[in-house]
Amino acid sequence: MKLKLAAAGLTAVLAFGLAGCGDKEAGTPAAGANSGSAVTGTVNVFAAASLTESFTTLGKRFEAAHQGTTVKLNFAGSSALATQINQGAPADVFASAAPKNMATVTDAGNAAGPPTTFVKNQLVIAVAKGNPKKIAGLADLTRAGTKVALCAEAVPCGAAAKTALDAAGVKLTPVTLEQDVKAALAKVKLGEVDAALVYRTDAKVSSADVEAIEFPESDKAINEYPIVVLKNAANAAGGQAFIDYVLSADGKAVLTEAGFQAP
Amino acid sequence: MTRGRIPGALLVPAICGLIFLVLPLVGLLWRTPWSTLPQRLTEPEVVEALRLSLVTASLATGFCLLLGVPLAWLLARVTFPGRRLVRALITVPLVLPPVVGGIALLLALGRRGLLGGWLDSTFGVSLPFTTAGVVVAEMFVALPFLVISVEGALRGADTRYEEAAATLGATRWTTFTHVTLPLVAPGIAAGGVLCWARALGEFGATITFAGNYPGITQTMPLAVYQTMESGDLDGAVVLSLILLVVSVTILAALRDRWLTAP
């Protein structure tokens, strides 16, 4: 009996303790909710892996423009991020690489409003520098002895790859299905695969190691990137300010520089 | 055993620890979609991933026994310079994050790797993205578990039997096969099961080194991860439950061994 009581007490203590922690983090920023200028505190941004470089830059510039803010970035495949958010991960902003993964979050009622499309991106074939396998298009990927990495279909780059391959009528058996676009690209960089379907922006970032082969069917699989403030945002004002910054001329310049297209 | 009141300062943290370990498992059971469970269990992807996991973990354990038992014997029975260093090196994969292990394996056995480049150009053999690659990744993380537990068993065993055999004219090999092995067989079995369980749960090194493709390299932990990532929480829970059942079954089979262990 005593044991049972102790256990119950402990559970309660743990629960309160955890709740307390949450409050502390959430405490500061609420003040800025109404006045757009007074943005402070930490902004938690969950962003698609393909946004790694551009959002890192944007985060730093945002911090410089808004003294007292810290942008915490969490990059992963959009599907993983959507799952994390729906499971209650503490995010203020979600930037997805495809509307489908955004819909996972909005359908669950976890977005504060309708998402805004901020960029578009399309696929290229990433191959090793110098294109040793002489790959010119999707059909070349099916040649015997050519190893190809794709993203898993749940991730936007994988869904786009499927659309593009279907459009080209190419039946391709990849050697691996990676969890995000960066992992697929890494396999090319390592030389473990001969090619991967990745975004133009990712190939551009790694232009020292990989070459990007454009192919016509990628026009059929253009990804629109939506961004939104989340319903359970601890720092909604900060999140909105970050999105405003992404949509600003400054933000657009960084994204265009990275190879993204305007929506 | 001393008697008296159990001090609260010990009892409370002990119960906290217990709850901490058990609560997540309760969470898993609580979220299990029991009604659709039978149907999900027979889905081809689930069956395939489970089959692959069992096959690769068993193969990895077999190879680990082949390499690990002699290695453990060497460490326990032969004095040689640098033995402590060798033991330290063996424990590195034990403490190394498995993902790092996967990267290290790529750099050694990948197509452009230290040894892998030669394997590829000479024999046309490339381990990444193959089932063999999964076995290699699992061996890398599981072998230290086997070596350490078998070495422990060897050190704990009474060496007088081996000495007696040697006195009677048995060679070291005969002594090993006829005296040492039977003597530490339970220790080897326990080490083997530990090794198998570790191989079964291997994730980081596998996904990094061997990649992820259903039927070829997608083992249960990878399938759990991918299912979870794709937003199918129920599916991920079912897969997790299978792994939990398999692990607990193994634990139950070993119950006597482990509960009586010092």
# chains A, B, ... in the order shown; residues from 1 in each chain; ligands from 1
$ interface_residues --of "chain B" --to "chain A" --cutoff "6 Å" --atoms "only C-alpha atoms" --output "list in words"
Arg111, Phe129, Gly211, Asn212, Tyr213, Glu229, Ser230 and Gly231 of chain B
$ write_last_selection --atoms "N, CA, C and O atoms" --output "PDB file, in the first residue's frame"
ATOM      1  N   ARG B 111      32.477   1.689 -50.930  1.00  0.00           N
ATOM      2  CA  ARG B 111      33.021   1.524 -52.276  1.00  0.00           C
ATOM      3  C   ARG B 111      34.306   2.335 -52.476  1.00  0.00           C
ATOM      4  O   ARG B 111      35.147   1.994 -53.285  1.00  0.00           O
ATOM      5  N   PHE B 129      24.438  -1.347 -48.995  1.00  0.00           N
ATOM      6  CA  PHE B 129      23.168  -1.620 -49.678  1.00  0.00           C
ATOM      7  C   PHE B 129      22.941  -3.108 -49.942  1.00  0.00           C
ATOM      8  O   PHE B 129      22.159  -3.464 -50.802  1.00  0.00           O
ATOM      9  N   GLY B 211      22.252   1.263 -45.662  1.00  0.00           N
ATOM     10  CA  GLY B 211      21.134   1.908 -46.331  1.00  0.00           C
ATOM     11  C   GLY B 211      19.809   1.330 -45.888  1.00  0.00           C
ATOM     12  O   GLY B 211      19.737   0.592 -44.907  1.00  0.00           O
ATOM     13  N   ASN B 212      18.759   1.661 -46.624  1.00  0.00           N
ATOM     14  CA  ASN B 212      17.409   1.301 -46.213  1.00  0.00           C
ATOM     15  C   ASN B 212      16.604   0.929 -47.440  1.00  0.00           C
ATOM     16  O   ASN B 212      16.191   1.787 -48.201  1.00  0.00           O
ATOM     17  N   TYR B 213      16.426  -0.388 -47.647  1.00  0.00           N
ATOM     18  CA  TYR B 213      15.565  -0.808 -48.745  1.00  0.00           C
ATOM     19  C   TYR B 213      14.802  -2.056 -48.318  1.00  0.00           C
ATOM     20  O   TYR B 213      15.414  -3.014 -47.859  1.00  0.00           O
ATOM     21  N   GLU B 229       8.261   7.945 -39.211  1.00  0.00           N
ATOM     22  CA  GLU B 229       8.523   9.168 -39.969  1.00  0.00           C
ATOM     23  C   GLU B 229       7.417   9.454 -40.971  1.00  0.00           C
ATOM     24  O   GLU B 229       7.111  10.598 -41.247  1.00  0.00           O
ATOM     25  N   SER B 230       6.854   8.415 -41.537  1.00  0.00           N
ATOM     26  CA  SER B 230       5.830   8.638 -42.549  1.00  0.00           C
ATOM     27  C   SER B 230       4.498   8.981 -41.898  1.00  0.00           C
ATOM     28  O   SER B 230       3.504   9.178 -42.580  1.00  0.00           O
ATOM     29  N   GLY B 231       4.482   9.057 -40.564  1.00  0.00           N
ATOM     30  CA  GLY B 231       3.286   9.522 -39.874  1.00  0.00           C
ATOM     31  C   GLY B 231       2.351   8.398 -39.470  1.00  0.00           C
ATOM     32  O   GLY B 231       1.308   8.636 -38.890  1.00  0.00           O
TER      33      GLY B 231
END
$ residues_around --residues "stretch 130-139 of chain A" --least-positions-apart "5" --cutoff "8 Å" --atoms "only C-alpha atoms" --output "list of chain:residue names"
A:Ile125, A:Thr146, A:Leu165, A:Ala168, A:Val170, A:Asp194, A:Glu211, A:Ile213, A:Glu214, A:Phe215
$ select_by_dssp --residues "stretch 76-157 of chain B" --states "alpha helix (DSSP H)" --output "MDAnalysis selection string"
chainID B and resid 76:77 83:95 98:109 116:123 131:156
$ atom_distance --atom1 "atom CA of B:Leu109" --atom2 "atom CA of A:Cys157"
28.0 Å
$ closest_residue --among "A:Ala262, A:Ala128, A:Val93, A:Leu123" --to "A:Ala234" --atoms "only C-alpha atoms"
A:Val93
$ closest_residue --among "B:Leu65, B:Val55, B:Leu106, B:Leu94" --to "B:Leu200" --atoms "only C-alpha atoms"
B:Val55
$ select_by_dssp --residues "stretch 78-258 of chain A" --states "strand (DSSP E)" --output "ChimeraX atom specification"
/A:93-95,116-121,123-128,148-151,176-178,195-199,210-213,223-229
$ residues_around --residues "stretch 244-253 of chain A" --least-positions-apart "5" --cutoff "12 Å" --atoms "only C-alpha atoms" --output "ChimeraX atom specification"
/A:36-37,45,51,54-66,93,95,116-120,225-229,237-239,258-263
$ write_last_selection --atoms "N, CA and C atoms" --output "short mmCIF file (atom, residue, chain, number, x, y, z; two decimals), in the first residue's frame"
data_model
loop_
_atom_site.label_atom_id
_atom_site.label_comp_id
_atom_site.auth_asym_id
_atom_site.auth_seq_id
_atom_site.Cartn_x
_atom_site.Cartn_y
_atom_site.Cartn_z
N GLY A 36 4.28 44.02 -32.83
CA GLY A 36 5.17 43.31 -33.74
C GLY A 36 6.64 43.58 -33.51
N SER A 37 6.97 44.74 -32.96
CA SER A 37 8.37 45.13 -32.85
C SER A 37 9.09 44.41 -31.72
N VAL A 45 12.20 26.68 -34.89
CA VAL A 45 11.79 26.50 -36.27
C VAL A 45 12.08 25.05 -36.69
N LEU A 51 16.26 22.93 -46.51
CA LEU A 51 16.39 24.34 -46.15
C LEU A 51 17.57 24.59 -45.21
N SER A 54 20.04 27.63 -46.20
CA SER A 54 19.40 28.94 -46.32
C SER A 54 18.75 29.38 -45.00
N PHE A 55 18.12 28.44 -44.28
CA PHE A 55 17.49 28.83 -43.02
C PHE A 55 18.53 29.08 -41.93
N THR A 56 19.67 28.44 -42.01
CA THR A 56 20.72 28.73 -41.04
C THR A 56 21.17 30.18 -41.22
N THR A 57 21.36 30.57 -42.48
CA THR A 57 21.73 31.96 -42.78
C THR A 57 20.62 32.91 -42.33
N LEU A 58 19.38 32.58 -42.69
CA LEU A 58 18.25 33.44 -42.33
C LEU A 58 18.12 33.57 -40.82
N GLY A 59 18.34 32.45 -40.12
CA GLY A 59 18.24 32.47 -38.66
C GLY A 59 19.24 33.44 -38.05
N LYS A 60 20.48 33.40 -38.55
CA LYS A 60 21.51 34.31 -38.02
C LYS A 60 21.14 35.76 -38.29
N ARG A 61 20.68 36.02 -39.52
CA ARG A 61 20.32 37.41 -39.87
C ARG A 61 19.11 37.89 -39.06
N PHE A 62 18.19 36.96 -38.82
CA PHE A 62 17.01 37.32 -38.03
C PHE A 62 17.42 37.68 -36.61
N GLU A 63 18.35 36.90 -36.05
CA GLU A 63 18.83 37.18 -34.69
C GLU A 63 19.51 38.54 -34.64
N ALA A 64 20.26 38.87 -35.69
CA ALA A 64 20.95 40.16 -35.73
C ALA A 64 19.94 41.30 -35.84
N ALA A 65 18.86 41.06 -36.59
CA ALA A 65 17.86 42.11 -36.79
C ALA A 65 16.97 42.28 -35.57
N HIS A 66 16.78 41.20 -34.80
CA HIS A 66 15.94 41.27 -33.61
C HIS A 66 16.77 40.91 -32.39
N VAL A 93 7.40 27.34 -35.59
CA VAL A 93 7.23 27.49 -37.04
C VAL A 93 7.51 26.14 -37.69
N ALA A 95 8.30 24.72 -41.56
CA ALA A 95 8.52 24.95 -42.98
C ALA A 95 8.70 23.60 -43.64
N THR A 116 1.65 29.68 -45.83
CA THR A 116 2.02 30.52 -46.97
C THR A 116 3.12 29.80 -47.75
N THR A 117 2.96 29.76 -49.08
CA THR A 117 4.03 29.18 -49.89
C THR A 117 5.12 30.22 -50.07
N PHE A 118 6.37 29.85 -49.77
CA PHE A 118 7.44 30.87 -49.83
C PHE A 118 8.48 30.61 -50.90
N VAL A 119 8.67 29.36 -51.30
CA VAL A 119 9.58 29.08 -52.42
C VAL A 119 9.11 27.84 -53.17
N LYS A 120 9.76 27.62 -54.32
CA LYS A 120 9.57 26.38 -55.07
C LYS A 120 10.97 25.80 -55.32
N TYR A 225 7.02 24.97 -51.18
CA TYR A 225 7.37 24.93 -49.75
C TYR A 225 6.43 25.84 -48.96
N PRO A 226 5.56 25.27 -48.12
CA PRO A 226 4.70 26.10 -47.28
C PRO A 226 5.33 26.32 -45.89
N ILE A 227 4.98 27.43 -45.28
CA ILE A 227 5.48 27.75 -43.93
C ILE A 227 4.30 28.25 -43.10
N VAL A 228 4.32 27.95 -41.80
CA VAL A 228 3.18 28.33 -40.96
C VAL A 228 3.61 28.48 -39.50
N VAL A 229 2.88 29.32 -38.76
CA VAL A 229 3.05 29.38 -37.31
C VAL A 229 2.17 28.29 -36.72
N ALA A 237 4.54 35.17 -31.59
CA ALA A 237 4.96 36.46 -32.16
C ALA A 237 6.33 36.31 -32.82
N GLY A 238 7.23 35.62 -32.14
CA GLY A 238 8.55 35.37 -32.70
C GLY A 238 8.45 34.56 -33.97
N GLY A 239 7.58 33.56 -33.95
CA GLY A 239 7.41 32.71 -35.12
C GLY A 239 6.91 33.50 -36.31
N ALA A 258 20.38 30.66 -52.92
CA ALA A 258 20.56 29.23 -52.69
C ALA A 258 20.03 28.39 -53.85
N GLY A 259 19.31 29.01 -54.75
CA GLY A 259 18.81 28.27 -55.91
C GLY A 259 17.32 27.99 -55.89
N PHE A 260 16.63 28.49 -54.87
CA PHE A 260 15.18 28.30 -54.83
C PHE A 260 14.52 29.24 -55.83
N GLN A 261 13.31 28.84 -56.28
CA GLN A 261 12.56 29.69 -57.19
C GLN A 261 11.46 30.41 -56.40
N ALA A 262 11.08 31.58 -56.91
CA ALA A 262 9.97 32.31 -56.27
C ALA A 262 8.69 31.50 -56.48
N PRO A 263 7.78 31.54 -55.53
CA PRO A 263 6.56 30.73 -55.64
C PRO A 263 5.67 31.20 -56.80
#
$ atom_distance --atom1 "atom CA of B:Cys195" --atom2 "atom CA of B:Ile90"
14.1 Å
$ atom_distance --atom1 "atom CA of A:Ser207" --atom2 "atom CA of A:Lys129"
8.2 Å
$ closest_residue --among "B:Ala197, B:Leu183, B:Leu23, B:Leu52" --to "B:Val248" --atoms "only C-alpha atoms"
B:Ala197
$ residues_around --residues "B:Thr131" --least-positions-apart "6" --cutoff "8 Å" --atoms "only C-alpha atoms" --output "PyMOL selection string"
chain B and resi 56+210+216-217
$ write_last_selection --atoms "all heavy atoms" --output "short mmCIF file (atom, residue, chain, number, x, y, z; two decimals), in the first residue's frame"
data_model
loop_
_atom_site.label_atom_id
_atom_site.label_comp_id
_atom_site.auth_asym_id
_atom_site.auth_seq_id
_atom_site.Cartn_x
_atom_site.Cartn_y
_atom_site.Cartn_z
N THR B 56 19.47 -11.76 -40.28
CA THR B 56 20.73 -11.03 -40.17
C THR B 56 21.28 -11.10 -38.74
O THR B 56 22.49 -11.28 -38.56
CB THR B 56 20.58 -9.55 -40.58
OG1 THR B 56 19.49 -8.98 -39.87
CG2 THR B 56 20.34 -9.42 -42.07
N ALA B 210 24.51 0.36 -44.43
CA ALA B 210 23.85 -0.57 -45.36
C ALA B 210 22.69 0.08 -46.10
O ALA B 210 22.19 -0.47 -47.08
CB ALA B 210 23.37 -1.81 -44.61
N ILE B 216 15.83 -6.00 -48.40
CA ILE B 216 17.27 -6.19 -48.58
C ILE B 216 18.04 -5.66 -47.37
O ILE B 216 18.88 -6.37 -46.81
CB ILE B 216 17.74 -5.50 -49.88
CG1 ILE B 216 17.05 -6.18 -51.07
CG2 ILE B 216 19.27 -5.61 -50.03
CD1 ILE B 216 17.28 -5.53 -52.38
N THR B 217 17.77 -4.44 -46.98
CA THR B 217 18.50 -3.89 -45.84
C THR B 217 17.58 -3.31 -44.76
O THR B 217 18.05 -2.86 -43.73
CB THR B 217 19.48 -2.79 -46.29
OG1 THR B 217 18.74 -1.79 -46.99
CG2 THR B 217 20.56 -3.34 -47.17
#
$ closest_residue --among "B:Gly215, B:Pro221, B:Gly17, B:Gly152" --to "B:Trp73" --atoms "only C-alpha atoms"
B:Gly152
$ decode --residues "stretch 135-148 of chain A" --atoms "all heavy atoms" --output "compact mmCIF listing (two decimals), in the first residue's frame"
# COMPACT_ATOMS: atom_id res chain seq x y z
N ILE A 135 25.85 10.13 -67.04
CA ILE A 135 24.39 10.13 -66.90
C ILE A 135 23.82 11.41 -67.47
O ILE A 135 24.27 12.51 -67.13
CB ILE A 135 24.01 9.95 -65.42
CG1 ILE A 135 24.31 8.51 -65.01
CG2 ILE A 135 22.55 10.29 -65.17
CD1 ILE A 135 24.46 8.30 -63.54
N ALA A 136 22.85 11.29 -68.38
CA ALA A 136 22.30 12.46 -69.04
C ALA A 136 20.82 12.66 -68.73
O ALA A 136 20.27 13.73 -68.94
CB ALA A 136 22.52 12.36 -70.55
N GLY A 137 20.17 11.62 -68.24
CA GLY A 137 18.74 11.74 -67.96
C GLY A 137 18.28 10.60 -67.10
O GLY A 137 19.06 9.72 -66.73
N LEU A 138 16.99 10.62 -66.76
CA LEU A 138 16.45 9.60 -65.85
C LEU A 138 16.63 8.18 -66.40
O LEU A 138 16.90 7.25 -65.64
CB LEU A 138 14.96 9.86 -65.61
CG LEU A 138 14.60 11.07 -64.74
CD1 LEU A 138 13.10 11.17 -64.57
CD2 LEU A 138 15.29 10.97 -63.38
N ALA A 139 16.49 8.01 -67.73
CA ALA A 139 16.57 6.67 -68.31
C ALA A 139 17.94 6.04 -68.05
O ALA A 139 18.05 4.83 -67.87
CB ALA A 139 16.28 6.74 -69.80
N ASP A 140 18.97 6.88 -68.00
CA ASP A 140 20.33 6.35 -67.78
C ASP A 140 20.50 5.74 -66.39
O ASP A 140 21.41 4.95 -66.15
CB ASP A 140 21.37 7.47 -67.95
CG ASP A 140 21.38 8.00 -69.37
OD1 ASP A 140 20.90 7.26 -70.26
OD2 ASP A 140 21.86 9.12 -69.58
N LEU A 141 19.60 6.11 -65.47
CA LEU A 141 19.72 5.62 -64.10
C LEU A 141 19.39 4.13 -63.99
O LEU A 141 19.72 3.49 -63.00
CB LEU A 141 18.81 6.41 -63.16
CG LEU A 141 19.10 7.90 -63.08
CD1 LEU A 141 18.12 8.57 -62.13
CD2 LEU A 141 20.53 8.15 -62.61
N THR A 142 18.68 3.61 -64.99
CA THR A 142 18.28 2.20 -64.93
C THR A 142 19.34 1.29 -65.53
O THR A 142 19.17 0.07 -65.52
CB THR A 142 16.95 1.99 -65.69
OG1 THR A 142 17.15 2.41 -67.05
CG2 THR A 142 15.83 2.80 -65.08
N ARG A 143 20.41 1.86 -66.06
CA ARG A 143 21.47 1.02 -66.64
C ARG A 143 22.02 0.06 -65.60
O ARG A 143 22.14 0.40 -64.41
CB ARG A 143 22.61 1.91 -67.16
CG ARG A 143 22.30 2.57 -68.49
CD ARG A 143 23.55 3.10 -69.14
NE ARG A 143 24.26 4.04 -68.27
CZ ARG A 143 24.62 5.26 -68.65
NH1 ARG A 143 24.32 5.70 -69.86
NH2 ARG A 143 25.29 6.03 -67.83
N ALA A 144 22.38 -1.14 -66.05
CA ALA A 144 22.93 -2.14 -65.14
C ALA A 144 24.19 -1.59 -64.46
O ALA A 144 24.99 -0.91 -65.10
CB ALA A 144 23.26 -3.41 -65.91
N GLY A 145 24.32 -1.86 -63.18
CA GLY A 145 25.51 -1.43 -62.46
C GLY A 145 25.47 0.02 -62.00
O GLY A 145 26.44 0.52 -61.45
N THR A 146 24.36 0.68 -62.24
CA THR A 146 24.24 2.07 -61.76
C THR A 146 23.44 2.06 -60.45
O THR A 146 22.30 1.62 -60.42
CB THR A 146 23.51 2.93 -62.81
OG1 THR A 146 24.21 2.81 -64.04
CG2 THR A 146 23.50 4.39 -62.38
N LYS A 147 24.10 2.52 -59.40
CA LYS A 147 23.44 2.54 -58.09
C LYS A 147 22.83 3.91 -57.84
O LYS A 147 23.50 4.93 -57.99
CB LYS A 147 24.45 2.22 -56.99
CG LYS A 147 24.95 0.80 -57.04
CD LYS A 147 25.83 0.49 -55.87
CE LYS A 147 26.29 -0.95 -55.92
NZ LYS A 147 27.21 -1.25 -54.83
N VAL A 148 21.57 3.90 -57.45
CA VAL A 148 20.86 5.16 -57.26
C VAL A 148 20.26 5.22 -55.86
O VAL A 148 19.69 4.23 -55.38
CB VAL A 148 19.73 5.31 -58.31
CG1 VAL A 148 19.02 6.65 -58.15
CG2 VAL A 148 20.28 5.16 -59.72
